[in-house]
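Dropping upload.cif in here (mmCIF, C-alpha atoms):
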data_entry
#
loop_
_atom_site.label_atom_id
_atom_site.label_comp_id
_atom_site.auth_asym_id
_atom_site.auth_seq_id
_atom_site.Cartn_x
_atom_site.Cartn_y
_atom_site.Cartn_z
CA MET Z 253 23.86 17.26 -12.19
CA VAL Z 254 22.51 13.77 -12.85
CA CYS Z 255 19.51 13.31 -15.17
CA LYS Z 256 17.13 10.44 -14.52
CA VAL Z 257 13.98 9.21 -16.21
CA TYR Z 258 11.76 6.99 -14.06
CA VAL Z 259 9.45 4.86 -16.16
CA GLU Z 260 6.14 4.48 -14.37
CA THR Z 261 3.77 1.47 -14.41
CA SER Z 262 1.40 2.77 -17.10
CA VAL Z 263 4.21 3.17 -19.66
CA VAL Z 264 5.53 -0.36 -19.18
CA MET Z 265 1.99 -1.75 -19.17
CA ASN Z 266 1.00 0.00 -22.39
CA ALA Z 267 4.14 -1.20 -24.14
CA SER Z 268 3.55 -4.77 -22.97
CA LEU Z 269 -0.02 -5.21 -24.14
CA TRP Z 270 0.06 -6.71 -27.57
CA PHE Z 271 -1.06 -10.03 -28.96
CA LYS Z 272 -0.80 -11.94 -32.16
CA VAL Z 273 -4.22 -12.87 -33.47
CA ASP Z 274 -4.44 -14.76 -36.76
CA GLY Z 275 -0.99 -13.53 -37.70
CA LYS Z 276 -1.90 -9.89 -37.04
CA THR Z 277 -0.66 -7.92 -34.08
CA GLN Z 278 -3.20 -6.19 -31.91
CA LYS Z 279 -1.88 -3.49 -29.59
CA HIS Z 280 -2.93 -1.22 -26.79
CA GLN Z 281 -4.36 2.00 -28.26
CA ASN Z 282 -1.51 3.94 -26.69
CA TYR Z 283 1.23 1.47 -27.49
CA GLU Z 284 3.51 3.30 -29.89
CA ASN Z 285 4.92 6.12 -27.74
CA PRO Z 286 5.62 4.03 -24.61
CA TYR Z 287 7.19 1.42 -26.89
CA GLY Z 288 9.34 4.08 -28.56
CA LEU Z 289 10.48 5.38 -25.19
CA LEU Z 290 11.36 1.92 -23.92
CA LEU Z 291 13.40 1.27 -27.05
CA TYR Z 292 15.60 4.16 -25.90
CA ALA Z 293 15.85 2.45 -22.51
CA GLU Z 294 16.99 -0.72 -24.27
CA GLN Z 295 19.62 1.21 -26.24
CA CYS Z 296 20.86 2.95 -23.10
CA LYS Z 297 21.22 -0.33 -21.27
CA GLU Z 298 23.20 -1.79 -24.18
CA ARG Z 299 25.48 1.26 -24.27
CA GLY Z 300 25.95 1.35 -20.51
CA ILE Z 301 24.19 4.70 -20.10
CA LEU Z 302 22.46 5.23 -16.77
CA LEU Z 303 19.33 7.20 -17.56
CA PHE Z 304 16.24 5.00 -17.27
CA TYR Z 305 15.11 3.85 -13.84
CA THR Z 306 12.25 2.13 -12.08
CA THR Z 307 11.37 1.36 -8.47
CA PRO Z 308 10.22 -1.80 -6.67
CA GLY Z 309 6.79 -0.19 -6.23
CA ILE Z 310 6.43 0.29 -9.98
CA VAL Z 311 7.35 -3.33 -10.72
CA GLN Z 312 4.95 -4.63 -8.09
CA GLU Z 313 2.15 -2.36 -9.24
CA ALA Z 314 2.54 -3.46 -12.87
CA HIS Z 315 2.11 -7.11 -11.93
CA LEU Z 316 -0.79 -6.35 -9.63
CA LYS Z 317 -2.58 -4.22 -12.22
CA LEU Z 318 -2.28 -6.91 -14.83
CA GLU Z 319 -3.64 -9.54 -12.44
CA LYS Z 320 -6.43 -7.22 -11.32
CA ALA Z 321 -7.50 -6.55 -14.89
CA LEU Z 322 -7.42 -10.26 -15.63
CA SER Z 323 -9.25 -11.17 -12.43
CA GLY Z 324 -12.15 -8.88 -13.21
CA THR Z 325 -12.45 -9.91 -16.82
CA ILE Z 326 -12.10 -13.63 -16.20
CA ALA Z 327 -14.66 -13.58 -13.38
CA GLN Z 328 -17.05 -11.83 -15.74
CA HIS Z 329 -16.49 -14.43 -18.47
CA LEU Z 330 -16.61 -17.51 -16.30
CA GLY Z 331 -19.57 -16.17 -14.33
CA ALA Z 332 -21.87 -16.80 -17.29
CA SER Z 333 -24.14 -19.55 -16.04
CA ARG Z 334 -24.79 -21.26 -19.35
CA MET Z 335 -21.20 -21.57 -20.50
CA SER Z 336 -20.34 -25.03 -21.81
CA ASP Z 337 -17.33 -26.89 -20.44
CA ALA Z 338 -15.60 -26.69 -23.81
CA LYS Z 339 -16.08 -22.94 -23.96
CA ARG Z 340 -14.85 -22.58 -20.39
CA ARG Z 341 -11.68 -24.51 -21.24
CA ALA Z 342 -11.13 -22.32 -24.30
CA VAL Z 343 -11.51 -19.17 -22.22
CA MET Z 344 -9.02 -20.44 -19.64
CA GLU Z 345 -6.52 -21.31 -22.38
CA GLN Z 346 -6.77 -17.85 -23.89
CA PHE Z 347 -6.44 -16.07 -20.57
CA ALA Z 348 -3.49 -18.22 -19.53
CA ALA Z 349 -1.68 -17.44 -22.79
CA PHE Z 350 -2.41 -13.75 -22.31
CA LEU Z 351 -1.14 -13.77 -18.73
CA TYR Z 352 2.10 -15.54 -19.64
CA ASP Z 353 2.82 -13.36 -22.66
CA CYS Z 354 2.12 -10.05 -20.96
CA LEU Z 355 4.12 -10.92 -17.84
CA ASP Z 356 7.06 -11.97 -20.01
CA GLN Z 357 6.82 -8.71 -21.91
CA LEU Z 358 6.68 -6.70 -18.67
CA ASP Z 359 9.79 -8.44 -17.38
CA PHE Z 360 11.49 -7.88 -20.71
CA TRP Z 361 11.11 -4.10 -20.39
CA PHE Z 362 11.93 -4.00 -16.68
CA ALA Z 363 15.25 -5.67 -17.45
CA PHE Z 364 16.36 -2.43 -19.15
CA LEU Z 365 15.49 -0.22 -16.18
CA GLN Z 366 17.78 0.34 -13.20
CA GLN Z 367 16.53 -0.13 -9.66
CA GLU Z 368 17.93 1.58 -6.57
CA THR Z 369 17.51 0.98 -2.86
CA ILE Z 370 14.95 3.07 -1.03
CA ASP Z 371 15.08 4.66 2.40
CA GLN Z 372 11.69 3.46 3.70
CA ARG Z 373 11.55 6.04 6.49
CA ARG Z 374 12.08 8.86 4.05
CA LYS Z 375 9.50 7.34 1.73
CA ALA Z 376 6.95 7.23 4.56
CA GLU Z 377 7.55 10.91 5.37
CA ILE Z 378 7.08 11.98 1.76
CA THR Z 379 4.01 9.77 1.40
CA LEU Z 380 2.29 11.63 4.23
CA VAL Z 381 3.10 15.02 2.72
CA LEU Z 382 1.89 14.01 -0.74
CA ARG Z 383 -1.28 12.41 0.59
CA ASP Z 384 -2.22 15.60 2.43
CA GLU Z 385 -1.49 17.74 -0.61
CA PHE Z 386 -3.59 15.54 -2.89
CA ARG Z 387 -6.45 15.65 -0.39
CA THR Z 388 -6.43 19.44 -0.52
CA TYR Z 389 -6.42 19.38 -4.32
CA ASP Z 390 -9.22 16.78 -4.31
CA VAL Z 391 -11.41 19.02 -2.16
CA ASP Z 392 -10.77 22.02 -4.43
CA PHE Z 393 -11.53 19.90 -7.49
CA ARG Z 394 -14.85 18.73 -6.04
CA LYS Z 395 -15.76 22.29 -5.12
CA LYS Z 396 -15.09 23.42 -8.65
CA TYR Z 397 -16.53 20.53 -10.67
CA GLY Z 398 -18.44 18.29 -8.26
CA ALA Z 399 -21.98 19.09 -9.28
CA SER Z 400 -21.42 19.46 -12.99
CA ILE Z 401 -19.73 16.08 -13.55
CA ASP Z 402 -21.67 14.01 -11.01
CA GLU Z 403 -23.86 11.52 -12.89
CA SER Z 404 -25.98 10.64 -9.89
CA GLN Z 405 -28.02 13.79 -10.37
CA ASP Z 406 -29.24 12.43 -13.73
CA THR Z 407 -31.16 9.56 -12.17
CA GLY Z 408 -34.86 10.04 -12.66
CA LEU Z 409 -34.48 11.70 -16.04
CA PRO Z 410 -36.26 10.06 -18.99
CA GLY Z 411 -34.11 7.58 -21.00
CA VAL Z 412 -33.10 9.72 -23.98
CA VAL Z 413 -32.38 12.77 -21.88
CA ARG Z 414 -30.38 10.70 -19.43
CA LYS Z 415 -28.27 9.34 -22.29
CA ALA Z 416 -27.61 12.85 -23.57
CA ALA Z 417 -26.79 14.03 -20.07
CA HIS Z 418 -24.43 11.07 -19.61
CA PHE Z 419 -22.65 11.94 -22.86
CA VAL Z 420 -22.24 15.58 -21.86
CA ARG Z 421 -20.99 14.71 -18.38
CA THR Z 422 -18.47 12.23 -19.79
CA LEU Z 423 -17.05 15.02 -21.96
CA GLN Z 424 -17.06 17.41 -19.03
CA ARG Z 425 -15.29 14.88 -16.85
CA LYS Z 426 -12.67 14.27 -19.52
CA GLU Z 427 -11.99 17.97 -19.80
CA ALA Z 428 -11.91 18.45 -16.04
CA ARG Z 429 -9.46 15.57 -15.67
CA LYS Z 430 -7.07 17.16 -18.10
CA GLU Z 431 -6.70 19.83 -15.50
CA TYR Z 432 -6.64 17.55 -12.46
CA LYS Z 433 -7.16 13.82 -11.90
CA PRO Z 434 -8.44 13.31 -8.36
CA ASN Z 435 -8.11 10.44 -5.88
CA PRO Z 436 -4.68 8.97 -6.62
CA GLY Z 437 -4.44 5.48 -5.12
CA SER Z 438 -2.02 4.62 -2.34
CA ALA Z 439 0.11 2.71 -4.85
CA ASP Z 440 0.45 5.81 -7.05
CA ILE Z 441 1.39 7.99 -4.09
CA GLY Z 442 3.79 5.28 -2.92
CA ILE Z 443 5.54 5.33 -6.31
CA MET Z 444 5.80 9.12 -6.28
CA ALA Z 445 7.21 8.98 -2.75
CA GLU Z 446 9.72 6.27 -3.66
CA ILE Z 447 11.13 8.32 -6.53
CA ALA Z 448 11.22 11.47 -4.41
CA ALA Z 449 12.85 9.61 -1.50
CA ILE Z 450 15.64 8.26 -3.69
CA ASN Z 451 16.47 11.67 -5.13
CA ARG Z 452 15.78 14.05 -2.25
CA GLY Z 453 18.60 16.46 -1.60
CA LEU Z 454 20.75 15.18 -4.45
CA GLY Z 455 19.96 17.97 -6.92
CA ASN Z 456 19.11 15.49 -9.68
CA GLU Z 457 16.98 16.40 -12.68
CA VAL Z 458 14.25 13.79 -12.30
CA TYR Z 459 11.62 13.02 -14.93
CA VAL Z 460 8.76 10.57 -14.49
CA ALA Z 461 7.48 9.05 -17.72
CA SER Z 462 3.82 8.20 -17.24
CA GLU Z 463 0.58 7.87 -19.16
CA ASP Z 464 -1.51 8.18 -16.02
CA GLY Z 465 -3.45 11.37 -15.30
CA HIS Z 466 -2.60 11.04 -11.60
CA PHE Z 467 0.93 11.97 -12.62
CA CYS Z 468 0.40 13.97 -15.80
CA ALA Z 469 -2.76 16.07 -15.47
CA LYS Z 470 -1.92 19.78 -15.28
CA LEU Z 471 -2.37 20.30 -11.54
CA ASN Z 472 -1.01 16.84 -10.65
CA ARG Z 473 2.20 17.80 -12.44
CA LYS Z 474 2.36 21.12 -10.65
CA LEU Z 475 1.92 19.43 -7.29
CA LEU Z 476 4.57 16.82 -8.03
CA GLU Z 477 7.10 19.38 -9.21
CA GLU Z 478 6.55 21.73 -6.27
CA LYS Z 479 6.34 19.17 -3.49
CA ALA Z 480 8.53 16.33 -4.71
CA GLY Z 481 10.77 17.85 -7.39
CA LEU Z 482 9.50 15.42 -10.02
CA ARG Z 483 8.79 16.41 -13.61
CA ALA Z 484 6.01 14.17 -14.88
CA ARG Z 485 5.81 13.83 -18.67
CA ARG Z 486 3.88 11.62 -21.05
CA SER Z 487 5.98 9.42 -23.35
CA HIS Z 488 5.17 11.48 -26.44
CA GLU Z 489 6.29 14.66 -24.69
CA LEU Z 490 9.66 13.11 -23.93
CA LEU Z 491 9.99 11.87 -27.50
CA ASP Z 492 8.52 14.77 -29.50
CA ASP Z 493 10.79 17.66 -28.64
CA GLY Z 494 13.95 15.62 -28.72
CA LEU Z 495 14.04 15.89 -24.92
CA ILE Z 496 14.97 12.27 -24.48
CA ARG Z 497 17.83 12.60 -26.97
CA SER Z 498 19.26 15.59 -25.15
CA LEU Z 499 18.93 13.77 -21.82
CA ILE Z 500 20.80 10.80 -23.29
CA GLU Z 501 23.52 13.13 -24.53
CA GLN Z 502 23.83 14.66 -21.09
CA ALA Z 503 23.93 11.24 -19.48
CA THR Z 504 26.50 9.84 -21.90
CA PRO Z 505 29.97 9.86 -20.37
CA ALA Z 506 32.49 11.83 -22.46
CA PRO Z 507 34.50 9.53 -24.72
CA VAL Z 508 38.01 8.81 -23.50
CA GLN Z 509 40.62 10.66 -25.60
CA MET U 115 11.24 -44.85 -26.40
CA LEU U 116 8.63 -44.12 -29.08
CA LYS U 117 9.57 -46.94 -31.37
CA ASP U 118 6.86 -48.16 -33.70
CA GLU U 119 4.90 -45.76 -35.81
CA LYS U 120 1.49 -46.83 -34.56
CA GLN U 121 2.39 -45.96 -31.02
CA VAL U 122 4.00 -42.75 -32.08
CA ILE U 123 0.82 -41.55 -33.74
CA TYR U 124 -1.28 -42.55 -30.77
CA ILE U 125 0.94 -40.75 -28.33
CA SER U 126 1.10 -37.64 -30.43
CA ASN U 127 -2.64 -37.37 -30.78
CA PRO U 128 -3.90 -34.58 -28.51
CA THR U 129 -7.52 -35.39 -29.27
CA ASN U 130 -7.22 -38.70 -27.49
CA PRO U 131 -10.70 -39.22 -26.01
CA LYS U 132 -9.18 -40.25 -22.71
CA VAL U 133 -8.11 -36.67 -22.21
CA ASN U 134 -11.65 -35.57 -21.45
CA ASP U 135 -12.48 -38.53 -19.28
CA MET U 136 -12.60 -37.11 -15.77
CA SER U 137 -12.30 -40.57 -14.23
CA ASN U 138 -8.62 -40.28 -15.12
CA VAL U 139 -8.31 -37.59 -12.51
CA VAL U 140 -9.25 -40.03 -9.77
CA VAL U 141 -6.67 -42.54 -10.94
CA ALA U 142 -4.18 -39.77 -11.41
CA ASP U 143 -4.56 -38.24 -7.98
CA SER U 144 -2.21 -40.66 -6.35
CA HIS U 145 0.09 -41.03 -9.34
CA ALA U 146 0.98 -37.78 -11.04
CA ALA U 147 4.32 -37.00 -9.49
CA ALA U 148 5.30 -40.67 -9.27
CA LEU U 149 4.45 -41.30 -12.92
CA ILE U 150 6.37 -38.34 -14.19
CA LYS U 151 9.35 -39.20 -12.01
CA GLU U 152 9.27 -42.64 -13.56
CA LEU U 153 9.11 -41.06 -16.98
CA PHE U 154 12.14 -38.96 -16.16
CA GLY U 155 13.95 -42.10 -14.99
CA ASP U 156 13.02 -43.82 -18.25
CA LEU U 157 14.42 -40.94 -20.24
CA SER U 158 17.66 -41.08 -18.27
CA SER U 159 18.07 -44.80 -18.76
CA PHE U 160 17.22 -44.45 -22.44
CA ILE U 161 20.00 -41.91 -22.88
CA GLU U 162 22.35 -44.22 -21.06
CA THR U 163 21.43 -47.55 -22.65
CA LYS U 164 20.00 -46.35 -26.00
CA HIS U 165 17.43 -49.07 -25.60
CA ILE U 166 13.75 -48.36 -26.27
CA ASN U 167 11.32 -50.25 -24.12
CA LYS U 168 7.84 -50.38 -25.69
CA GLU U 169 6.18 -50.54 -22.28
CA LYS U 170 7.75 -47.23 -21.34
CA VAL U 171 5.98 -45.62 -24.25
CA ARG U 172 2.68 -46.39 -22.53
CA ASN U 173 3.93 -44.57 -19.46
CA TYR U 174 4.45 -41.44 -21.51
CA GLU U 175 0.94 -41.72 -22.83
CA HIS U 176 -0.44 -42.01 -19.27
CA VAL U 177 1.44 -38.94 -18.17
CA LEU U 178 0.03 -36.86 -21.04
CA ASP U 179 -3.51 -38.12 -20.41
CA LEU U 180 -3.21 -37.42 -16.75
CA LEU U 181 -1.89 -33.88 -17.20
CA ALA U 182 -4.61 -33.10 -19.74
CA ALA U 183 -7.29 -34.41 -17.39
CA ARG U 184 -5.92 -32.37 -14.50
CA ARG U 185 -5.66 -29.29 -16.70
CA ASP U 186 -9.29 -29.67 -17.77
CA HIS U 187 -10.35 -30.26 -14.20
CA TRP U 188 -8.84 -26.90 -13.22
CA ALA U 189 -10.53 -25.18 -16.16
CA LEU U 190 -13.87 -26.17 -14.67
CA SER U 191 -12.99 -25.93 -11.01
CA ARG U 192 -14.58 -23.25 -8.86
CA ASP U 193 -12.64 -24.18 -5.73
CA LEU U 194 -10.23 -21.26 -5.97
CA ALA U 195 -10.56 -17.61 -7.01
CA PRO U 196 -10.63 -17.36 -10.83
CA ILE U 197 -7.15 -15.85 -11.06
CA ASP U 198 -5.69 -18.63 -8.87
CA SER U 199 -7.52 -21.32 -10.86
CA LEU U 200 -6.08 -19.70 -13.97
CA LYS U 201 -2.55 -19.93 -12.60
CA VAL U 202 -2.91 -23.61 -11.70
CA TYR U 203 -4.59 -24.25 -15.05
CA GLY U 204 -1.74 -22.44 -16.81
CA ALA U 205 0.85 -24.53 -14.98
CA TYR U 206 -0.83 -27.80 -15.97
CA SER U 207 -1.29 -26.55 -19.50
CA THR U 208 2.40 -25.62 -19.70
CA ALA U 209 3.46 -29.01 -18.31
CA TYR U 210 1.19 -30.79 -20.80
CA ASN U 211 2.23 -28.69 -23.80
CA THR U 212 5.90 -29.07 -22.91
CA LEU U 213 5.72 -32.85 -22.61
CA TYR U 214 3.66 -33.00 -25.78
CA GLY U 215 6.39 -30.99 -27.53
CA VAL U 216 8.99 -33.32 -26.04
CA ALA U 217 7.08 -36.33 -27.42
CA LYS U 218 7.08 -34.76 -30.87
CA ARG U 219 10.81 -34.02 -30.60
CA LEU U 220 11.52 -37.60 -29.59
CA ASN U 221 9.40 -38.89 -32.47
CA LEU U 222 11.37 -36.74 -34.84
CA GLY U 223 14.57 -38.10 -33.34
CA ILE U 224 13.39 -41.62 -34.02
CA VAL U 225 12.38 -40.80 -37.60
CA ARG U 226 15.79 -39.23 -38.21
CA GLN U 227 17.47 -42.02 -36.30
CA GLU U 228 19.38 -39.54 -34.19
CA ASN U 229 18.21 -40.64 -30.76
CA PRO U 230 19.35 -40.39 -28.03
CA LYS U 231 20.55 -36.95 -29.20
CA ALA U 232 16.95 -35.74 -29.13
CA ALA U 233 16.49 -37.21 -25.66
CA LYS U 234 19.59 -35.41 -24.40
CA GLU U 235 18.25 -32.12 -25.75
CA VAL U 236 15.03 -32.40 -23.78
CA TYR U 237 16.51 -33.95 -20.65
CA GLY U 238 16.75 -30.66 -18.71
CA ILE U 239 13.23 -29.64 -19.64
CA VAL U 240 11.73 -32.94 -18.54
CA SER U 241 13.60 -32.52 -15.27
CA GLU U 242 12.02 -29.05 -14.78
CA THR U 243 8.61 -30.44 -15.67
CA THR U 244 9.04 -33.17 -13.06
CA GLU U 245 9.68 -30.52 -10.40
CA LEU U 246 6.69 -28.46 -11.52
CA VAL U 247 4.33 -31.43 -11.39
CA ALA U 248 5.58 -32.33 -7.92
CA LYS U 249 4.64 -28.80 -6.80
CA LEU U 250 1.27 -29.01 -8.50
CA GLU U 251 0.67 -32.27 -6.69
CA LYS U 252 0.84 -30.38 -3.39
CA ILE U 253 -2.05 -28.16 -4.51
CA ASP U 254 -4.11 -31.10 -5.70
CA ALA U 255 -3.40 -33.02 -2.50
CA GLN U 256 -5.02 -30.29 -0.40
CA LYS U 257 -8.58 -31.43 0.27
CA ASP U 258 -9.91 -28.02 1.15
CA LYS U 259 -8.71 -25.91 -1.75
CA ALA U 260 -9.53 -22.70 0.10
CA GLN U 261 -6.64 -23.61 2.41
CA VAL U 262 -4.07 -23.69 -0.40
CA PRO U 263 -1.56 -20.99 0.52
CA SER U 264 -1.24 -18.20 -2.02
CA TRP U 265 2.57 -18.44 -1.91
CA LEU U 266 2.31 -22.03 -3.19
CA ILE U 267 0.16 -20.93 -6.12
CA GLY U 268 2.58 -18.09 -6.81
CA ASP U 269 5.52 -20.48 -6.61
CA VAL U 270 3.88 -22.95 -9.01
CA PHE U 271 3.02 -20.18 -11.44
CA GLU U 272 6.56 -18.76 -11.41
CA ALA U 273 7.97 -22.26 -11.99
CA SER U 274 5.58 -22.70 -14.91
CA ARG U 275 6.69 -19.35 -16.38
CA ARG U 276 10.32 -20.47 -16.22
CA LEU U 277 9.45 -23.81 -17.83
CA ARG U 278 7.41 -22.12 -20.54
CA ARG U 279 10.26 -19.74 -21.41
CA GLN U 280 12.64 -22.68 -21.64
CA ALA U 281 10.19 -24.68 -23.75
CA ILE U 282 9.68 -21.75 -26.12
CA SER U 283 13.41 -21.15 -26.52
CA ASN U 284 13.83 -24.86 -27.26
CA GLN U 285 10.97 -24.63 -29.77
CA LEU U 286 8.95 -27.26 -27.96
CA ILE U 287 5.94 -24.97 -27.75
CA GLN U 288 4.90 -21.88 -29.67
CA ALA U 289 4.34 -18.60 -27.86
CA GLY U 290 1.35 -16.43 -28.53
CA GLU U 291 -1.33 -17.27 -30.96
CA VAL U 292 -4.47 -18.77 -29.54
CA PRO U 293 -7.64 -18.91 -31.64
CA ASN U 294 -10.48 -16.53 -30.74
CA GLN U 295 -8.21 -14.38 -28.64
CA LYS U 296 -9.32 -11.21 -30.39
CA GLU U 297 -12.44 -10.46 -28.38
CA LEU U 298 -10.84 -11.21 -25.04
CA SER U 299 -7.77 -9.16 -25.74
CA LYS U 300 -9.91 -6.23 -26.89
CA GLU U 301 -11.87 -6.41 -23.67
CA LEU U 302 -8.76 -6.60 -21.53
CA LEU U 303 -7.23 -3.66 -23.33
CA ALA U 304 -10.38 -1.69 -22.65
CA VAL U 305 -10.25 -2.51 -18.92
CA ILE U 306 -6.60 -1.57 -18.61
CA THR U 307 -7.02 1.57 -20.69
CA ALA U 308 -9.90 2.65 -18.48
CA ASN U 309 -7.70 2.24 -15.43
CA HIS U 310 -5.05 4.52 -16.90
CA ALA U 311 -7.26 7.14 -18.50
#
Here is the file; what I need is its structure written in the form of structure tokens.
Amino acid sequence: MVCKVYVETSVVMNASLWFKVDGKTQKHQNYENPYGLLLYAEQCKERGILLFYTTPGIVQEAHLKLEKALSGTIAQHLGASRMSDAKRRAVMEQFAAFLYDCLDQLDFWFAFLQQETIDQRRKAEITLVLRDEFRTYDVDFRKKYGASIDESQDTGLPGVVRKAAHFVRTLQRKEARKEYKPNPGSADIGIMAEIAAINRGLGNEVYVASEDGHFCAKLNRKLLEEKAGLRARRSHELLDDGLIRSLIEQATPAPVQ
Amino acid sequence: MLKDEKQVIYISNPTNPKVNDMSNVVVADSHAAALIKELFGDLSSFIETKHINKEKVRNYEHVLDLLAARRDHWALSRDLAPIDSLKVYGAYSTAYNTLYGVAKRLNLGIVRQENPKAAKEVYGIVSETTELVAKLEKIDAQKDKAQVPSWLIGDVFEASRRLRRQAISNQLIQAGEVPNQKELSKELLAVITANHA
């Protein structure tokens, strides 16, 4: 049986977001575990061990997400009407440096991950199945939590009460999303389908390393395991119990006597 | 190339007031690719003949002024979507910073009297920069910027990434640190974290 760990967009993104500011490094709040996991990927690549994989969809999504985040933030910054030309130039310089550095870092990590060819027809079939399943789960989720976490019902409340209600609903939503994260995007479903399409019928033990609730919330995991045979795990889960080490040992070819 | 000290200092001064003079852009519009091609030719002949022509030094100065003016023009331009403007800006900035780094390297070569060794070291990079500027010229030549194809912007940006990597590995420019980046990076981290929560 072949073991594989697919490293999803969020892991590579988190491990790529760091900057040097005044000699100090500033990192994504969830940088350490994804970084630790990708160091194993680097080691495996150097030792010729086939364990860590990615897909074209993951690579594309990482670049798109970075650009999307930048687009929104830059439009917000440059939209300020009273910004001086000098300030505008400074903002552009900072954003350009950020874009270059983060893209380079993304490509650095992707270089350690294997890519395989995908049967697009099979991917399309699995996409349809997963989309339907997620829709069913979404409906159930809304039935269960819809009213209690919907902020729109707080409109009309006096200011202080509305703030308190907002705080409570944010907590409720966080808790609810530990159980299930609804509305996965088409890119997320596409990535799930790509991984499932590559491994369908091969009897592989397939893990998906992700920091995204669409993969790792309790019910999302259950759905992925039952319908696509994928075991979604957060980076720290793969690292903490020595799981990644045992997978590397399994993947290591026996030394030649 | 950069022979006497006075010229060397002038060329190496990034705060040259001409940089912010937008009238340069008008002059530059018809010249950018031609000027930088000429510069590349000058570098080639310098390596071959080991002869420094003072007039050629002026050419280098024009190229730097022109790239800085174009870069600043794109910082203020609202013709394209912000992310596309950023990519074009980044490409001009990379071309400028690279050639500025090349100028410093050549100066150092002159001080150490080891030219044209320094010129040979930067030859490949100047060649890449020439290609990048030619591509950028295509974007600037388009009158209606909304018609600039996205593949061209993508192509220019990828070329600038390659050039930047090369320039960093040759220590012509420094990666990373930009002043006042802290707030922006915090904000970006927050946006991306929110997307993955």
- request: Kindly determine which residues of chain Z lie within 7 Å of chain U, considering all atoms listed in the file, and give the answer as number ranges by chain.
  value: Z: 262, 271-273, 280, 321, 323, 325-327, 337, 340-341, 344, 346, 348-349, 352-353, 463-465
- request: Using only C-alpha atoms, determine which residues lie at most 7 Å from Ala147 in chain U, disregarding the query and same-chain residues fewer than 3 positions distant; provide the list as a list in words.
  value: Ile150, Lys151, Val247, Ala248 and Glu251 of chain U
task: Step by step: start from the point (2.9, 2.6, -1.1) in the file's coordinates, keep every protein, DNA or RNA residue that has an atom no farther than 10 Å from it, count all atoms listed in the file, and write the set as a PyMOL selection string.
output: chain Z and resi 309-310+313+375-376+379+437-446
Write the selection just made, keeping C-alpha atoms, as a PDB file, in the coordinates of the input?
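And here's again_5.pdb as it stands now:
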ATOM      1  CA  GLY Z 309       6.790  -0.190  -6.230  1.00  0.00           C
ATOM      2  CA  ILE Z 310       6.430   0.290  -9.980  1.00  0.00           C
ATOM      3  CA  GLU Z 313       2.150  -2.360  -9.240  1.00  0.00           C
ATOM      4  CA  LYS Z 375       9.500   7.340   1.730  1.00  0.00           C
ATOM      5  CA  ALA Z 376       6.950   7.230   4.560  1.00  0.00           C
ATOM      6  CA  THR Z 379       4.010   9.770   1.400  1.00  0.00           C
ATOM      7  CA  GLY Z 437      -4.440   5.480  -5.120  1.00  0.00           C
ATOM      8  CA  SER Z 438      -2.020   4.620  -2.340  1.00  0.00           C
ATOM      9  CA  ALA Z 439       0.110   2.710  -4.850  1.00  0.00           C
ATOM     10  CA  ASP Z 440       0.450   5.810  -7.050  1.00  0.00           C
ATOM     11  CA  ILE Z 441       1.390   7.990  -4.090  1.00  0.00           C
ATOM     12  CA  GLY Z 442       3.790   5.280  -2.920  1.00  0.00           C
ATOM     13  CA  ILE Z 443       5.540   5.330  -6.310  1.00  0.00           C
ATOM     14  CA  MET Z 444       5.800   9.120  -6.280  1.00  0.00           C
ATOM     15  CA  ALA Z 445       7.210   8.980  -2.750  1.00  0.00           C
ATOM     16  CA  GLU Z 446       9.720   6.270  -3.660  1.00  0.00           C
TER      17      GLU Z 446
END
query: Taking the file as shown, what set of residues would the PyMOL selection byres ((chain U and resi 212-220) around 8) give back, as a PyMOL selection string?
result: chain U and resi 115-116+125-126+178+208-211+221-224+229+232-233+236+240+243+278+281+286-287
message: Given the point (21.8, 5.7, -25.4) in the file's coordinates, find the residues that have an atom at most 12 Å from it, counting all atoms listed in the file, and give them as a ChimeraX atom specification.
response: /Z:289-304,364,496-505
field: Of the listed residues Z:Asn435, Z:Glu319, Z:Lys470, Z:Thr307, that which approaches Asp384 in chain Z most closely, counting only C-alpha atoms
entry: Z:Asn435
task: I would like the residues chosen by the PyMOL selection byres ((chain Z and resi 268) around 10) on the shown file; could you give them as a ChimeraX atom specification?
output: /Z:262-267,269-271,279-280,283,286-287,353-361
field: For CA of Gln288 in chain U and CA of Phe347 in chain Z, the interatomic separation in Å (one decimal)
entry: 15.7 Å
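Shortest separation to Glu245 in chain U among U:Ala148, U:Ala260, U:Val177, U:Ala182 occurs at residue U:Ala148, atoms counted being all atoms listed in the file.
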Centre, edges in Å (one decimal): axis-aligned box, range 418-435 of chain Z, 3 Å padding on all six sides, as AutoDock Vina command-line options:
--center_x -15.5 --center_y 15.1 --center_z -14.4 --size_x 23.8 --size_y 15.4 --size_z 23.0
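Here CA of Ala449 in chain Z stands at a distance of 9.9 Å from CA of Thr369 in chain Z.
Once the PyMOL selection byres ((chain Z and resi 476-483) around 7) is applied to the shown structure, the selection contains Ala448, Val458, Tyr459, Val460, Asn472, Arg473, Lys474, Leu475, Ala484 and Arg485 of chain Z.
Reported to one decimal place, the separation of CA of Arg486 in chain Z from CA of Asn282 in chain Z is 10.9 Å.
For the set U:Lys259, U:Gln280, U:Gly155, U:Val270, the residue with the smallest atom-to-atom gap to Ser191 in chain U is U:Lys259, counting all atoms listed in the file.
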